[in-house]
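Trainee: Questions regarding the structure given below will be posed in turn.
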Amino acid sequence: MGKDKIYDVVIVGGGPAGLTAALYTSRSKLSTLVVEKEKMGSLYMAHKIDNYPGFPDGISGTDLNILMKKQSAKFGTEFVDAMLFGFDPYEEIKVVKTDKGNFKCKNIIVATGTGKNFGKKLKGEQEFLGRGVSYCATCDGAFTKNRIVSLAGQGEEVAQEALFLTKFSKEIQIFINEPNFNCSEESLEALKKSDKVKIITNAKLQEILGDDFVEEITVDVDGNIQNYKTDFIFLYLGTKNNTEMYGEFANLDQHSNIITKENLKLNVDGMYAAGDIRSGVVRQITTAVADGTIAGLEVIKRVLRK
């Protein structure tokens with residue numbers, strides 16, 4: 001696994017849909033990466049499953065998840081425990097953005113499930129979206145000229161976005177929600193050399209405050225609650241909802257689930273959705289497995305056509 005490797009497919013989600021797709025693609029010798037948050041998801045949490053074929057005495061969701069993962073890993077599937085930030089899917093070589101780095105690929109399968117733990121907003125995040133709250137510094141950096149800006153999250157993308165902001169902003173505060181900033185040494189050294197940048201570790205963003213626009217943020221730093229002045233806050237915390245995450249390249253229903261085209265395709269070539277994230281599906285393990293099969297086979301066919 002490496003940031004320069006180009007995978008045949010990156011699958012976002014380690015549930016039954018994602019792991020079935022991974023089984024098919026990796027068994028067909030396609031380089032496959034599954035991006036997942038470990039020990040999460042409705043399958044993993046299920047106490048006992050009696051209606052999945054092949055287990056007459058039932059099986060726990062955790063055990064079934066482990067077996068599915070082991071089977072796909074047997075054929076070469078790689079895994080990374082990471083938080084999804086977003087996608088750049090429009091070029092032939094696509095990018096899946098996470099807190100553990102950006103991963104390049106030729107195809108993407110979205111299999112994130114119903115998202116019960118997905119898109120939970122910070123206090124003030126929704127209210128100030130577009131009025132100082134953003135998820136993309138390279139998109140909105142030009143608006144921060146001579147302003148105080150903050151970034152919250154973790155990973156190489158945060159470092160790269162902060163370095164981009166040094167072209168515009170007068171002061172940059174980076175709030176890392178862990179003891180260490182997990183980015184490349186090169187990026188970290190560049191940030192430390194800038195007199196505009198301040199890095200605060202063990203910092204968990206609590207609330208975004210302001211009147212018409214963002215004015216300050218409340219942060220828990222090592223257990224101490226502090227307020228910091230800021231004009232913009234760029235979030236890399238996995239708090240995007242489905243509309244913000246997928247709405248640019250997929251049609252969504254009234255419940256923000258993805259409406260797929262024929263053979264589970266999205267509006268962007270080489271991008272698919274499978275499992276409970278899809279609109280109007282019966283949400284069972286068996287149906288998720290079926291979706292994973294279809295999505296995996298579609299990716300295999302697309303790779304073979306190239």
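By convention here, the chains of the structure tokens are called A, B, ... in the order presented, each chain's residues are numbered starting at 1, and ligands are numbered starting at 1 in the order presented.
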Would you mind listing what lies within 8 Å of Leu23 in chain A as a PyMOL selection string, with only C-alpha atoms counted and same-chain residues fewer than 3 positions away left out?

Mentor: chain A and resi 19-20+26-27+71-73+75+77

Trainee: Which residues of range 39-139 of chain A come within 8 Å of range 147-170 of chain A, and what is each one's closest atom pair and distance in Å (one decimal), counting only C-alpha atoms, sorted by chain and residue number, as JSON lines?

Mentor:
{"residue": "A:Lys97", "atom": "CA", "partner": "A:Glu157", "partner_atom": "CA", "distance": 7.6}
{"residue": "A:Thr98", "atom": "CA", "partner": "A:Glu157", "partner_atom": "CA", "distance": 7.7}
{"residue": "A:Asp99", "atom": "CA", "partner": "A:Gly155", "partner_atom": "CA", "distance": 4.6}
{"residue": "A:Lys100", "atom": "CA", "partner": "A:Gly155", "partner_atom": "CA", "distance": 5.5}
{"residue": "A:Gly101", "atom": "CA", "partner": "A:Glu156", "partner_atom": "CA", "distance": 5.5}
{"residue": "A:Asn102", "atom": "CA", "partner": "A:Glu157", "partner_atom": "CA", "distance": 7.4}
{"residue": "A:Cys136", "atom": "CA", "partner": "A:Glu161", "partner_atom": "CA", "distance": 7.7}
{"residue": "A:Ala137", "atom": "CA", "partner": "A:Glu161", "partner_atom": "CA", "distance": 5.6}
{"residue": "A:Thr138", "atom": "CA", "partner": "A:Glu161", "partner_atom": "CA", "distance": 6.4}

Trainee: Only all heavy atoms, please: the residues just picked out, written as a short mmCIF file (atom, residue, chain, number, x, y, z; two decimals), in the first residue's frame.

Mentor:
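result.cif, freshly written:
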data_model
loop_
_atom_site.label_atom_id
_atom_site.label_comp_id
_atom_site.auth_asym_id
_atom_site.auth_seq_id
_atom_site.Cartn_x
_atom_site.Cartn_y
_atom_site.Cartn_z
N LYS A 97 -10.28 10.26 -0.81
CA LYS A 97 -9.60 11.04 0.22
C LYS A 97 -9.99 10.53 1.61
O LYS A 97 -11.17 10.38 1.91
CB LYS A 97 -9.98 12.52 0.10
CG LYS A 97 -9.62 13.15 -1.23
CD LYS A 97 -10.08 14.60 -1.27
CE LYS A 97 -9.69 15.29 -2.56
NZ LYS A 97 -10.13 16.70 -2.57
N THR A 98 -8.97 10.28 2.44
CA THR A 98 -9.21 9.81 3.81
C THR A 98 -8.25 10.50 4.78
O THR A 98 -7.31 11.17 4.35
CB THR A 98 -9.01 8.28 3.92
OG1 THR A 98 -7.61 7.99 4.03
CG2 THR A 98 -9.60 7.54 2.73
N ASP A 99 -8.46 10.25 6.06
CA ASP A 99 -7.55 10.80 7.06
C ASP A 99 -6.21 10.06 7.10
O ASP A 99 -5.29 10.48 7.78
CB ASP A 99 -8.19 10.81 8.45
CG ASP A 99 -8.47 9.42 8.98
OD1 ASP A 99 -8.64 8.49 8.17
OD2 ASP A 99 -8.55 9.26 10.22
N LYS A 100 -6.11 8.93 6.38
CA LYS A 100 -4.85 8.20 6.30
C LYS A 100 -4.15 8.43 4.96
O LYS A 100 -3.21 7.71 4.61
CB LYS A 100 -5.11 6.70 6.50
CG LYS A 100 -5.71 6.34 7.85
CD LYS A 100 -4.78 6.65 8.99
CE LYS A 100 -5.43 6.43 10.35
NZ LYS A 100 -5.91 5.07 10.57
N GLY A 101 -4.62 9.42 4.23
CA GLY A 101 -4.01 9.73 2.95
C GLY A 101 -5.00 9.61 1.81
O GLY A 101 -6.15 9.21 2.00
N ASN A 102 -4.56 9.99 0.62
CA ASN A 102 -5.37 9.90 -0.58
C ASN A 102 -4.95 8.67 -1.37
O ASN A 102 -3.76 8.41 -1.56
CB ASN A 102 -5.20 11.15 -1.44
CG ASN A 102 -5.71 12.39 -0.75
OD1 ASN A 102 -6.48 12.31 0.19
ND2 ASN A 102 -5.27 13.55 -1.22
N CYS A 136 -13.25 22.13 2.06
CA CYS A 136 -12.23 22.10 1.00
C CYS A 136 -11.49 23.43 0.94
O CYS A 136 -12.01 24.42 0.42
CB CYS A 136 -12.89 21.80 -0.35
SG CYS A 136 -11.74 21.78 -1.74
N ALA A 137 -10.25 23.44 1.46
CA ALA A 137 -9.46 24.67 1.44
C ALA A 137 -9.02 25.04 0.04
O ALA A 137 -8.97 26.22 -0.31
CB ALA A 137 -8.25 24.51 2.36
N THR A 138 -8.70 24.05 -0.78
CA THR A 138 -8.28 24.37 -2.15
C THR A 138 -9.44 24.93 -2.97
O THR A 138 -9.23 25.61 -3.97
CB THR A 138 -7.70 23.13 -2.85
OG1 THR A 138 -8.59 22.04 -2.72
CG2 THR A 138 -6.37 22.75 -2.24
#

Trainee: Which residue out of A:Phe232, A:Ala22, A:Cys105, A:Pro16 has the minimum interatomic distance to Leu64 in chain A when only C-alpha atoms are used?

Mentor: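 Nearest to Leu64 in chain A: A:Pro16.
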
Trainee: Would you pick out the contacts of range 250-267 of chain A at 8 Å or less, using only C-alpha atoms, so that residues sharing its chain but fewer than 2 positions from it are not included, and give the list as a PyMOL selection string?

Mentor: chain A and resi 114+242-243+246-248+269-274+277-279+291+294-295+298

Trainee: Between A:Val281, A:Gly124, A:Gly13, A:Leu67, which residue has the minimum interatomic distance to Ser42 in chain A, considering only C-alpha atoms?

Mentor: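 For Ser42 in chain A, the nearest of the candidates is A:Gly13.
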
Trainee: Between CA of Phe249 in chain A and CA of Phe85 in chain A, what distance in Å does the model show, to one decimal?

Mentor: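 That distance, rounded to one decimal, is 14.9 Å.
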
Trainee: Could you pull out the alpha helix (DSSP H) residues of range 42-156 of chain A, going by DSSP on the backbone, and write them as a list of chain:residue names?

Mentor: A:Ser42, A:Leu43, A:Tyr44, A:Met45, A:Gly61, A:Thr62, A:Asp63, A:Leu64, A:Asn65, A:Ile66, A:Leu67, A:Met68, A:Lys69, A:Lys70, A:Gln71, A:Ser72, A:Ala73, A:Lys74, A:Ala137, A:Thr138, A:Cys139, A:Asp140, A:Glu156

Trainee: For range 50-62 of chain A, find every residue with an atom within 8 Å (counting only C-alpha atoms), except residues of its own chain fewer than 5 positions away, and show them as a VMD selection string.

Mentor: chain A and resid 43 to 45 285 to 286

Trainee: Just the selected residues (N, CA, C and O atoms), exported as a CSV table (one decimal), in the first residue's frame, please.

Mentor:
chain,number,residue,atom,x,y,z
A,43,LEU,N,-23.7,-5.0,10.3
A,43,LEU,CA,-23.3,-6.4,10.3
A,43,LEU,C,-22.5,-6.7,11.6
A,43,LEU,O,-22.7,-7.6,12.3
A,44,TYR,N,-21.4,-5.8,11.8
A,44,TYR,CA,-20.5,-6.1,12.9
A,44,TYR,C,-21.3,-6.0,14.2
A,44,TYR,O,-20.9,-6.7,15.2
A,45,MET,N,-22.3,-5.2,14.3
A,45,MET,CA,-23.0,-5.0,15.6
A,45,MET,C,-24.1,-6.0,15.8
A,45,MET,O,-24.6,-6.1,16.9
A,285,ILE,N,-28.6,-8.8,4.7
A,285,ILE,CA,-27.2,-9.2,4.3
A,285,ILE,C,-27.2,-9.8,2.9
A,285,ILE,O,-26.3,-9.6,2.1
A,286,THR,N,-28.2,-10.7,2.6
A,286,THR,CA,-28.3,-11.3,1.4
A,286,THR,C,-28.4,-10.4,0.2
A,286,THR,O,-27.8,-10.6,-0.9

Trainee: Per DSSP on the backbone, filter range 146-275 of chain A down to the residues in strand (DSSP E or B) and report them as a ChimeraX atom specification.

Mentor: /A:148-153,171-176,197-200,203-210,214-221,224-229,232-236,251-252,258-259,265,271-273

Trainee: Leaving out Lys104 in chain A and any residue of its chain fewer than 5 positions from it, which residues lie within 7 Å of it when counting only C-alpha atoms, given as a VMD selection string?

Mentor: chain A and resid 5 to 7 93 to 96
